[in-house]
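*Asks:* As input, take protein14.cif (mmCIF, C-alpha atoms):
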```
data_entry
#
loop_
_atom_site.group_PDB
_atom_site.id
_atom_site.type_symbol
_atom_site.label_atom_id
_atom_site.label_comp_id
_atom_site.auth_asym_id
_atom_site.auth_seq_id
_atom_site.Cartn_x
_atom_site.Cartn_y
_atom_site.Cartn_z
ATOM 1 C CA ASP A 23 0.000 0.000 0.000
ATOM 2 C CA THR A 24 1.490 3.315 -1.035
ATOM 3 C CA GLY A 25 -0.527 5.440 1.317
ATOM 4 C CA VAL A 26 -3.242 7.990 0.669
ATOM 5 C CA SER A 27 -3.366 9.120 -2.938
ATOM 6 C CA GLN A 28 -5.018 12.171 -4.458
ATOM 7 C CA ASP A 29 -5.813 13.052 -8.015
ATOM 8 C CA PRO A 30 -5.100 15.374 -9.697
ATOM 9 C CA ARG A 31 -2.041 16.818 -8.006
ATOM 10 C CA HIS A 32 -2.541 20.181 -9.664
ATOM 11 C CA LYS A 33 -5.571 21.868 -11.175
ATOM 12 C CA ILE A 34 -5.848 25.232 -12.886
ATOM 13 C CA THR A 35 -9.325 26.413 -13.721
ATOM 14 C CA LYS A 36 -11.175 29.552 -14.621
ATOM 15 C CA ARG A 37 -13.527 31.272 -12.246
ATOM 16 C CA GLY A 38 -17.011 29.862 -12.523
ATOM 17 C CA GLN A 39 -15.957 26.378 -13.601
ATOM 18 C CA ASN A 40 -16.633 23.226 -11.611
ATOM 19 C CA VAL A 41 -13.805 21.011 -10.361
ATOM 20 C CA THR A 42 -13.718 17.576 -8.770
ATOM 21 C CA PHE A 43 -10.932 16.033 -6.739
ATOM 22 C CA ARG A 44 -10.496 12.408 -5.791
ATOM 23 C CA CYS A 45 -8.966 10.824 -2.701
ATOM 24 C CA ASP A 46 -8.108 7.151 -2.285
ATOM 25 C CA PRO A 47 -7.492 6.317 1.365
ATOM 26 C CA ILE A 48 -5.353 3.569 2.794
ATOM 27 C CA SER A 49 -7.142 0.232 2.515
ATOM 28 C CA GLU A 50 -9.396 -0.592 5.455
ATOM 29 C CA HIS A 51 -9.261 2.943 6.805
ATOM 30 C CA ASN A 52 -12.854 3.733 7.635
ATOM 31 C CA ARG A 53 -12.378 7.428 8.412
ATOM 32 C CA LEU A 54 -11.637 9.982 5.723
ATOM 33 C CA TYR A 55 -11.063 13.702 6.192
ATOM 34 C CA TRP A 56 -10.799 16.667 3.839
ATOM 35 C CA TYR A 57 -8.796 19.746 4.808
ATOM 36 C CA ARG A 58 -7.961 22.959 2.993
ATOM 37 C CA GLN A 59 -4.669 24.791 3.349
ATOM 38 C CA THR A 60 -4.029 28.301 2.126
ATOM 39 C CA LEU A 61 -0.636 29.959 1.885
ATOM 40 C CA GLY A 62 0.969 30.576 5.252
ATOM 41 C CA GLN A 63 -1.748 28.762 7.175
ATOM 42 C CA GLY A 64 -2.152 25.332 8.682
ATOM 43 C CA PRO A 65 -4.690 22.882 7.284
ATOM 44 C CA GLU A 66 -8.332 23.677 8.093
ATOM 45 C CA PHE A 67 -10.922 20.970 8.501
ATOM 46 C CA LEU A 68 -13.625 20.788 5.843
ATOM 47 C CA THR A 69 -15.490 17.524 6.300
ATOM 48 C CA TYR A 70 -15.259 13.979 7.618
ATOM 49 C CA PHE A 71 -16.628 10.559 6.694
ATOM 50 C CA GLN A 72 -16.927 7.417 8.701
ATOM 51 C CA ASN A 73 -17.382 4.725 6.088
ATOM 52 C CA GLU A 74 -19.893 6.221 3.638
ATOM 53 C CA ALA A 75 -21.563 8.527 6.144
ATOM 54 C CA GLN A 76 -20.623 12.200 6.133
ATOM 55 C CA LEU A 77 -20.687 12.981 9.842
ATOM 56 C CA GLU A 78 -19.449 16.536 10.082
ATOM 57 C CA LYS A 79 -19.071 19.539 7.832
ATOM 58 C CA SER A 80 -17.249 22.749 8.646
ATOM 59 C CA ARG A 81 -18.894 26.127 8.245
ATOM 60 C CA LEU A 82 -16.081 26.723 5.752
ATOM 61 C CA LEU A 83 -17.857 24.313 3.443
ATOM 62 C CA SER A 84 -20.225 26.570 1.548
ATOM 63 C CA ASP A 85 -23.092 25.188 -0.516
ATOM 64 C CA ARG A 86 -20.793 25.243 -3.545
ATOM 65 C CA PHE A 87 -18.795 22.421 -1.982
ATOM 66 C CA SER A 88 -19.979 18.833 -1.875
ATOM 67 C CA ALA A 89 -18.194 15.693 -0.822
ATOM 68 C CA GLU A 90 -19.124 12.069 -1.260
ATOM 69 C CA ARG A 91 -17.817 8.684 -0.284
ATOM 70 C CA PRO A 92 -20.323 6.431 -1.986
ATOM 71 C CA LYS A 93 -18.963 2.995 -1.123
ATOM 72 C CA GLY A 94 -16.958 3.871 1.932
ATOM 73 C CA SER A 95 -13.710 3.708 -0.013
ATOM 74 C CA PHE A 96 -12.592 6.603 -2.243
ATOM 75 C CA SER A 97 -14.019 10.075 -1.814
ATOM 76 C CA THR A 98 -14.637 13.008 -4.126
ATOM 77 C CA LEU A 99 -14.756 16.704 -3.340
ATOM 78 C CA GLU A 100 -16.531 18.897 -5.863
ATOM 79 C CA ILE A 101 -16.437 22.663 -5.985
ATOM 80 C CA GLN A 102 -19.078 24.306 -8.160
ATOM 81 C CA ARG A 103 -18.782 27.790 -9.645
ATOM 82 C CA THR A 104 -15.223 28.202 -8.419
ATOM 83 C CA GLU A 105 -14.064 31.546 -7.064
ATOM 84 C CA GLN A 106 -10.557 32.924 -6.765
ATOM 85 C CA GLY A 107 -10.788 32.491 -3.002
ATOM 86 C CA ASP A 108 -11.040 28.741 -3.515
ATOM 87 C CA SER A 109 -7.402 28.667 -4.591
ATOM 88 C CA ALA A 110 -5.678 26.462 -2.016
ATOM 89 C CA MET A 111 -4.170 23.060 -1.348
ATOM 90 C CA TYR A 112 -6.835 20.453 -0.676
ATOM 91 C CA LEU A 113 -5.636 17.667 1.576
ATOM 92 C CA CYS A 114 -7.175 14.302 2.246
ATOM 93 C CA ALA A 115 -6.368 12.130 5.243
ATOM 94 C CA SER A 116 -7.503 8.695 6.342
ATOM 95 C CA SER A 117 -7.394 6.789 9.601
ATOM 96 C CA LYS A 118 -8.486 3.627 11.321
ATOM 97 C CA PRO A 119 -9.201 4.400 14.963
ATOM 98 C CA GLY A 120 -8.353 1.713 17.439
ATOM 99 C CA GLN A 121 -7.059 1.136 20.934
ATOM 100 C CA GLY A 122 -7.681 4.750 21.855
ATOM 101 C CA GLN A 123 -5.216 6.095 19.320
ATOM 102 C CA GLU A 124 -5.961 7.461 15.887
ATOM 103 C CA THR A 125 -3.313 8.562 13.424
ATOM 104 C CA GLN A 126 -4.366 10.496 10.359
ATOM 105 C CA TYR A 127 -2.293 9.742 7.281
ATOM 106 C CA PHE A 128 -2.236 12.531 4.766
ATOM 107 C CA GLY A 129 -2.169 12.461 1.008
ATOM 108 C CA PRO A 130 0.067 14.685 -1.132
ATOM 109 C CA GLY A 131 -2.747 17.157 -1.737
ATOM 110 C CA THR A 132 -4.352 18.731 -4.792
ATOM 111 C CA ARG A 133 -3.258 22.274 -5.480
ATOM 112 C CA LEU A 134 -6.063 24.343 -7.013
ATOM 113 C CA LEU A 135 -5.528 27.644 -8.768
ATOM 114 C CA VAL A 136 -8.589 29.579 -9.849
ATOM 115 C CA LEU A 137 -7.851 32.271 -12.417
ATOM 116 C CA ALA B 21 -13.293 28.188 21.083
ATOM 117 C CA GLN B 22 -10.777 25.555 20.091
ATOM 118 C CA ARG B 23 -7.616 27.130 18.834
ATOM 119 C CA VAL B 24 -3.935 26.336 18.345
ATOM 120 C CA THR B 25 -1.384 29.132 18.279
ATOM 121 C CA GLN B 26 2.177 28.866 17.026
ATOM 122 C CA PRO B 27 3.637 32.303 17.633
ATOM 123 C CA GLU B 28 6.731 31.929 15.472
ATOM 124 C CA LYS B 29 6.484 31.691 11.690
ATOM 125 C CA LEU B 30 10.212 31.059 11.361
ATOM 126 C CA LEU B 31 12.799 29.712 13.747
ATOM 127 C CA SER B 32 16.386 29.736 12.558
ATOM 128 C CA VAL B 33 19.138 28.013 14.543
ATOM 129 C CA PHE B 34 22.608 26.656 13.941
ATOM 130 C CA LYS B 35 23.339 22.955 13.820
ATOM 131 C CA GLY B 36 23.886 21.598 17.321
ATOM 132 C CA ALA B 37 21.872 24.343 19.009
ATOM 133 C CA PRO B 38 18.803 23.549 21.112
ATOM 134 C CA VAL B 39 15.413 23.993 19.513
ATOM 135 C CA GLU B 40 12.047 24.857 21.031
ATOM 136 C CA LEU B 41 9.003 25.309 18.827
ATOM 137 C CA LYS B 42 6.179 26.879 20.762
ATOM 138 C CA CYS B 43 2.566 25.772 20.725
ATOM 139 C CA ASN B 44 -0.294 27.057 22.856
ATOM 140 C CA TYR B 45 -3.838 25.804 22.706
ATOM 141 C CA SER B 46 -7.316 26.703 23.799
ATOM 142 C CA TYR B 47 -9.688 23.830 24.536
ATOM 143 C CA SER B 48 -12.386 23.305 27.133
ATOM 144 C CA GLY B 49 -11.784 19.652 27.864
ATOM 145 C CA SER B 50 -9.046 17.034 27.896
ATOM 146 C CA PRO B 51 -7.077 17.745 24.748
ATOM 147 C CA GLU B 52 -5.152 15.378 22.567
ATOM 148 C CA LEU B 53 -2.144 17.163 21.115
ATOM 149 C CA PHE B 54 0.071 16.289 18.166
ATOM 150 C CA TRP B 55 3.054 17.572 16.265
ATOM 151 C CA TYR B 56 3.041 17.028 12.512
ATOM 152 C CA VAL B 57 6.021 17.700 10.256
ATOM 153 C CA GLN B 58 6.310 18.399 6.555
ATOM 154 C CA TYR B 59 9.727 18.029 4.966
ATOM 155 C CA SER B 60 10.434 19.672 1.642
ATOM 156 C CA ARG B 61 8.379 18.099 -1.150
ATOM 157 C CA GLN B 62 6.909 15.486 1.183
ATOM 158 C CA ARG B 63 3.470 15.049 2.634
ATOM 159 C CA LEU B 64 2.390 15.980 6.117
ATOM 160 C CA GLN B 65 3.243 13.244 8.606
ATOM 161 C CA LEU B 66 2.815 12.633 12.297
ATOM 162 C CA LEU B 67 5.920 13.329 14.374
ATOM 163 C CA LEU B 68 4.614 12.626 17.848
ATOM 164 C CA ARG B 69 1.543 12.711 20.074
ATOM 165 C CA HIS B 70 1.391 13.648 23.734
ATOM 166 C CA ILE B 71 -0.326 10.423 24.763
ATOM 167 C CA SER B 72 2.633 8.312 23.677
ATOM 168 C CA ARG B 73 5.169 10.316 25.683
ATOM 169 C CA GLU B 74 7.836 9.164 23.273
ATOM 170 C CA SER B 75 10.885 10.735 21.691
ATOM 171 C CA ILE B 76 10.967 10.694 17.913
ATOM 172 C CA LYS B 77 14.102 11.746 16.018
ATOM 173 C CA GLY B 78 15.307 13.291 19.269
ATOM 174 C CA PHE B 79 12.210 15.472 19.640
ATOM 175 C CA THR B 80 10.045 15.506 22.759
ATOM 176 C CA ALA B 81 6.965 17.465 23.733
ATOM 177 C CA ASP B 82 5.315 17.735 27.122
ATOM 178 C CA LEU B 83 1.725 18.731 27.611
ATOM 179 C CA ASN B 84 1.468 21.481 30.222
ATOM 180 C CA LYS B 85 -2.206 21.868 31.070
ATOM 181 C CA GLY B 86 -1.574 24.762 33.447
ATOM 182 C CA GLU B 87 0.061 26.830 30.737
ATOM 183 C CA THR B 88 -2.009 25.208 27.943
ATOM 184 C CA SER B 89 1.190 24.555 26.039
ATOM 185 C CA PHE B 90 2.713 21.696 24.064
ATOM 186 C CA HIS B 91 6.150 22.951 23.051
ATOM 187 C CA LEU B 92 8.379 20.777 20.854
ATOM 188 C CA LYS B 93 11.982 20.478 21.946
ATOM 189 C CA LYS B 94 15.223 18.993 20.728
ATOM 190 C CA PRO B 95 18.523 19.468 22.533
ATOM 191 C CA PHE B 96 20.756 19.436 19.449
ATOM 192 C CA ALA B 97 19.314 20.420 16.082
ATOM 193 C CA GLN B 98 20.425 18.676 12.901
ATOM 194 C CA GLU B 99 20.280 20.030 9.356
ATOM 195 C CA GLU B 100 17.811 17.290 8.414
ATOM 196 C CA ASP B 101 15.373 18.725 10.973
ATOM 197 C CA SER B 102 14.739 21.670 8.651
ATOM 198 C CA ALA B 103 11.037 21.474 7.831
ATOM 199 C CA MET B 104 7.620 22.960 8.529
ATOM 200 C CA TYR B 105 6.190 21.923 11.900
ATOM 201 C CA TYR B 106 2.505 22.046 12.787
ATOM 202 C CA CYS B 107 0.994 21.669 16.213
ATOM 203 C CA ALA B 108 -2.497 20.149 16.159
ATOM 204 C CA LEU B 109 -5.321 19.533 18.581
ATOM 205 C CA ARG B 110 -7.918 16.847 18.300
ATOM 206 C CA GLY B 111 -11.191 18.535 19.078
ATOM 207 C CA GLY B 112 -14.852 18.291 18.318
ATOM 208 C CA SER B 113 -17.711 16.559 19.992
ATOM 209 C CA GLY B 114 -18.823 12.980 19.728
ATOM 210 C CA ASN B 115 -16.518 10.651 17.878
ATOM 211 C CA THR B 116 -15.137 13.115 15.339
ATOM 212 C CA GLY B 117 -11.388 12.952 15.030
ATOM 213 C CA LYS B 118 -10.878 16.225 13.183
ATOM 214 C CA LEU B 119 -7.639 18.043 13.806
ATOM 215 C CA ILE B 120 -7.272 21.754 14.485
ATOM 216 C CA PHE B 121 -3.893 22.979 13.283
ATOM 217 C CA GLY B 122 -1.756 25.937 14.171
ATOM 218 C CA GLN B 123 -0.305 28.168 11.470
ATOM 219 C CA GLY B 124 2.963 26.278 11.440
ATOM 220 C CA THR B 125 6.577 27.160 12.177
ATOM 221 C CA THR B 126 9.359 26.804 9.648
ATOM 222 C CA LEU B 127 12.474 25.447 11.302
ATOM 223 C CA GLN B 128 15.665 26.302 9.498
ATOM 224 C CA VAL B 129 18.831 24.623 10.762
ATOM 225 C CA LYS B 130 21.944 26.270 9.403
ATOM 226 C CA PRO B 131 25.252 24.410 9.045
#
```
Re-express the file's structure as structure tokens.

*Replies:*
Amino acid sequence: DTGVSQDPRHKITKRGQNVTFRCDPISEHNRLYWYRQTLGQGPEFLTYFQNEAQLEKSRLLSDRFSAERPKGSFSTLEIQRTEQGDSAMYLCASSKPGQGQETQYFGPGTRLLVL
Amino acid sequence: AQRVTQPEKLLSVFKGAPVELKCNYSYSGSPELFWYVQYSRQRLQLLLRHISRESIKGFTADLNKGETSFHLKKPFAQEEDSAMYYCALRGGSGNTGKLIFGQGTTLQVKP
């Protein structure tokens, strides 16, 4: 297993276009998280899945953002009608809680630039 | 409000010097604190967690609930320690495991 993977690694789009990112977690990891990181800041939580259920969404996640994890494996994050303020690194992490300890393993991220 | 503060954006030291990266938190409960590290062109990875009370790559961090701090320390810095370091808090209600990150501190170890 090569760890959490994300696709694409880079995306340039024009304002108003829709974009979709994919995250493949580590096998058997039932938790999946999406974070957003802007320049000079730490990652900020966007949303979280346990298996296929989306259990929490941040107030950062406007109605233009939607995330799915249809079969409890890979996840997609879609941004509709992109705005320049959406430009950021989008990080995915997965984990398998157990024995009171949970380690989130991060993917390489998808860097989005909205022109 | 749950918050993590890393007051220094950049910490520059010479090889062999002691290092302390500061982290303060705000949380109304029993926090779980972590340090994550990101080396150049690599993904974010866990360095250590306060529960484990372990030393990783010579780094240690002690949770001080009175001062609400979780500073990362290393007695003798090495050039390979140069990286971005993030302090993180596991917060939220219920079973959510979301992490709240600080802004990060760039550690630069000069030869």

*Asks:* Using only C-alpha atoms, select each residue of chain B with any atom at most 7 Å away from an atom of chain A, and give the selection as a CSV table (one decimal) with C-alpha atoms, in the frame of the given file.

*Replies:*
```csv
chain,number,residue,atom,x,y,z
B,63,ARG,CA,3.5,15.0,2.6
B,64,LEU,CA,2.4,16.0,6.1
B,65,GLN,CA,3.2,13.2,8.6
B,118,LYS,CA,-10.9,16.2,13.2
B,119,LEU,CA,-7.6,18.0,13.8
B,120,ILE,CA,-7.3,21.8,14.5
B,121,PHE,CA,-3.9,23.0,13.3
B,122,GLY,CA,-1.8,25.9,14.2
B,123,GLN,CA,-0.3,28.2,11.5
B,124,GLY,CA,3.0,26.3,11.4
```

*Asks:* For a test of reading the model, state the distance in Å between CA of Gly78 in chain B and CA of Val39 in chain B, rounded to one decimal.

*Replies:*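 Atom-to-atom, CA of Gly78 in chain B and CA of Val39 in chain B are spaced 10.7 Å apart.
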
*Asks:* Find the residues around Leu83 in chain B up to 7 Å (only C-alpha atoms counted), leave out those fewer than 6 positions away in its own chain, and share them as a PyMOL selection string.

*Replies:* chain B and resi 70+89-90

*Asks:* If you apply the PyMOL selection byres ((chain B and resi 93) around 7) to this file, what residues do you get, as a PyMOL selection string?

*Replies:* chain B and resi 39-41+79-81+91-92+94-95

*Asks:* With distances taken over all atoms listed in the file, which of B:Leu66, B:Ala108, B:Ala97, B:Ala21 is nearest to Phe34 in chain B?

*Replies:*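 Closest to Phe34 in chain B of all the choices is B:Ala97.
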
*Asks:* Could you please fill out range 41-52 of chain A with all heavy atoms and send it back as a short mmCIF file (atom, residue, chain, number, x, y, z; two decimals), in the coordinates of the input?

*Replies:*
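Final file, out.cif:
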```
data_model
loop_
_atom_site.label_atom_id
_atom_site.label_comp_id
_atom_site.auth_asym_id
_atom_site.auth_seq_id
_atom_site.Cartn_x
_atom_site.Cartn_y
_atom_site.Cartn_z
N VAL A 41 -14.95 21.92 -10.45
CA VAL A 41 -13.80 21.01 -10.36
C VAL A 41 -14.15 19.88 -9.41
O VAL A 41 -14.94 20.04 -8.48
CB VAL A 41 -12.52 21.72 -9.87
CG1 VAL A 41 -12.05 22.75 -10.89
CG2 VAL A 41 -12.72 22.35 -8.51
N THR A 42 -13.53 18.74 -9.64
CA THR A 42 -13.72 17.58 -8.77
C THR A 42 -12.38 16.95 -8.46
O THR A 42 -11.56 16.75 -9.36
CB THR A 42 -14.63 16.52 -9.43
OG1 THR A 42 -15.90 17.11 -9.71
CG2 THR A 42 -14.82 15.33 -8.51
N PHE A 43 -12.17 16.67 -7.19
CA PHE A 43 -10.93 16.03 -6.74
C PHE A 43 -11.27 14.66 -6.18
O PHE A 43 -12.34 14.45 -5.61
CB PHE A 43 -10.27 16.85 -5.63
CG PHE A 43 -10.08 18.30 -5.96
CD1 PHE A 43 -10.24 19.26 -4.98
CD2 PHE A 43 -9.72 18.72 -7.24
CE1 PHE A 43 -10.07 20.60 -5.27
CE2 PHE A 43 -9.55 20.05 -7.53
CZ PHE A 43 -9.74 21.00 -6.54
N ARG A 44 -10.29 13.76 -6.29
CA ARG A 44 -10.50 12.41 -5.79
C ARG A 44 -9.46 12.08 -4.73
O ARG A 44 -8.30 12.49 -4.82
CB ARG A 44 -10.40 11.40 -6.93
CG ARG A 44 -10.52 9.95 -6.48
CD ARG A 44 -10.46 8.99 -7.62
NE ARG A 44 -10.34 7.62 -7.14
CZ ARG A 44 -11.15 6.63 -7.49
NH1 ARG A 44 -12.16 6.86 -8.33
NH2 ARG A 44 -10.97 5.40 -7.02
N CYS A 45 -9.87 11.31 -3.74
CA CYS A 45 -8.97 10.82 -2.70
C CYS A 45 -9.17 9.33 -2.53
O CYS A 45 -10.30 8.85 -2.36
CB CYS A 45 -9.25 11.53 -1.37
SG CYS A 45 -8.38 10.81 0.03
N ASP A 46 -8.08 8.59 -2.58
CA ASP A 46 -8.11 7.15 -2.28
C ASP A 46 -7.39 6.92 -0.96
O ASP A 46 -6.18 7.12 -0.87
CB ASP A 46 -7.44 6.35 -3.40
CG ASP A 46 -8.31 6.28 -4.64
OD1 ASP A 46 -8.20 7.16 -5.51
OD2 ASP A 46 -9.12 5.34 -4.71
N PRO A 47 -8.12 6.50 0.04
CA PRO A 47 -7.49 6.32 1.36
C PRO A 47 -6.70 5.02 1.43
O PRO A 47 -6.72 4.21 0.50
CB PRO A 47 -8.71 6.25 2.29
CG PRO A 47 -9.77 5.62 1.45
CD PRO A 47 -9.54 6.15 0.05
N ILE A 48 -6.03 4.84 2.53
CA ILE A 48 -5.35 3.57 2.79
C ILE A 48 -6.43 2.49 2.98
O ILE A 48 -7.46 2.74 3.61
CB ILE A 48 -4.45 3.70 4.04
CG1 ILE A 48 -3.32 4.68 3.75
CG2 ILE A 48 -3.90 2.34 4.47
CD1 ILE A 48 -2.48 5.05 4.96
N SER A 49 -6.17 1.32 2.44
CA SER A 49 -7.14 0.23 2.52
C SER A 49 -7.54 -0.03 3.96
O SER A 49 -6.70 0.00 4.86
CB SER A 49 -6.54 -1.05 1.94
OG SER A 49 -6.18 -0.87 0.60
N GLU A 50 -8.82 -0.26 4.15
CA GLU A 50 -9.40 -0.59 5.46
C GLU A 50 -9.47 0.59 6.41
O GLU A 50 -9.88 0.42 7.56
CB GLU A 50 -8.63 -1.74 6.13
CG GLU A 50 -8.67 -3.01 5.32
CD GLU A 50 -7.92 -4.15 5.99
OE1 GLU A 50 -7.29 -3.91 7.04
OE2 GLU A 50 -7.98 -5.27 5.46
N HIS A 51 -9.06 1.76 5.97
CA HIS A 51 -9.26 2.94 6.80
C HIS A 51 -10.70 3.40 6.65
O HIS A 51 -11.14 3.72 5.55
CB HIS A 51 -8.31 4.07 6.40
CG HIS A 51 -6.95 3.93 6.99
ND1 HIS A 51 -6.03 4.97 7.01
CD2 HIS A 51 -6.34 2.89 7.60
CE1 HIS A 51 -4.93 4.56 7.61
NE2 HIS A 51 -5.09 3.30 7.97
N ASN A 52 -11.44 3.41 7.75
CA ASN A 52 -12.85 3.73 7.64
C ASN A 52 -13.14 5.22 7.80
O ASN A 52 -14.22 5.69 7.48
CB ASN A 52 -13.68 2.91 8.63
CG ASN A 52 -13.26 3.13 10.07
OD1 ASN A 52 -12.22 3.73 10.35
ND2 ASN A 52 -14.07 2.66 10.99
#
```
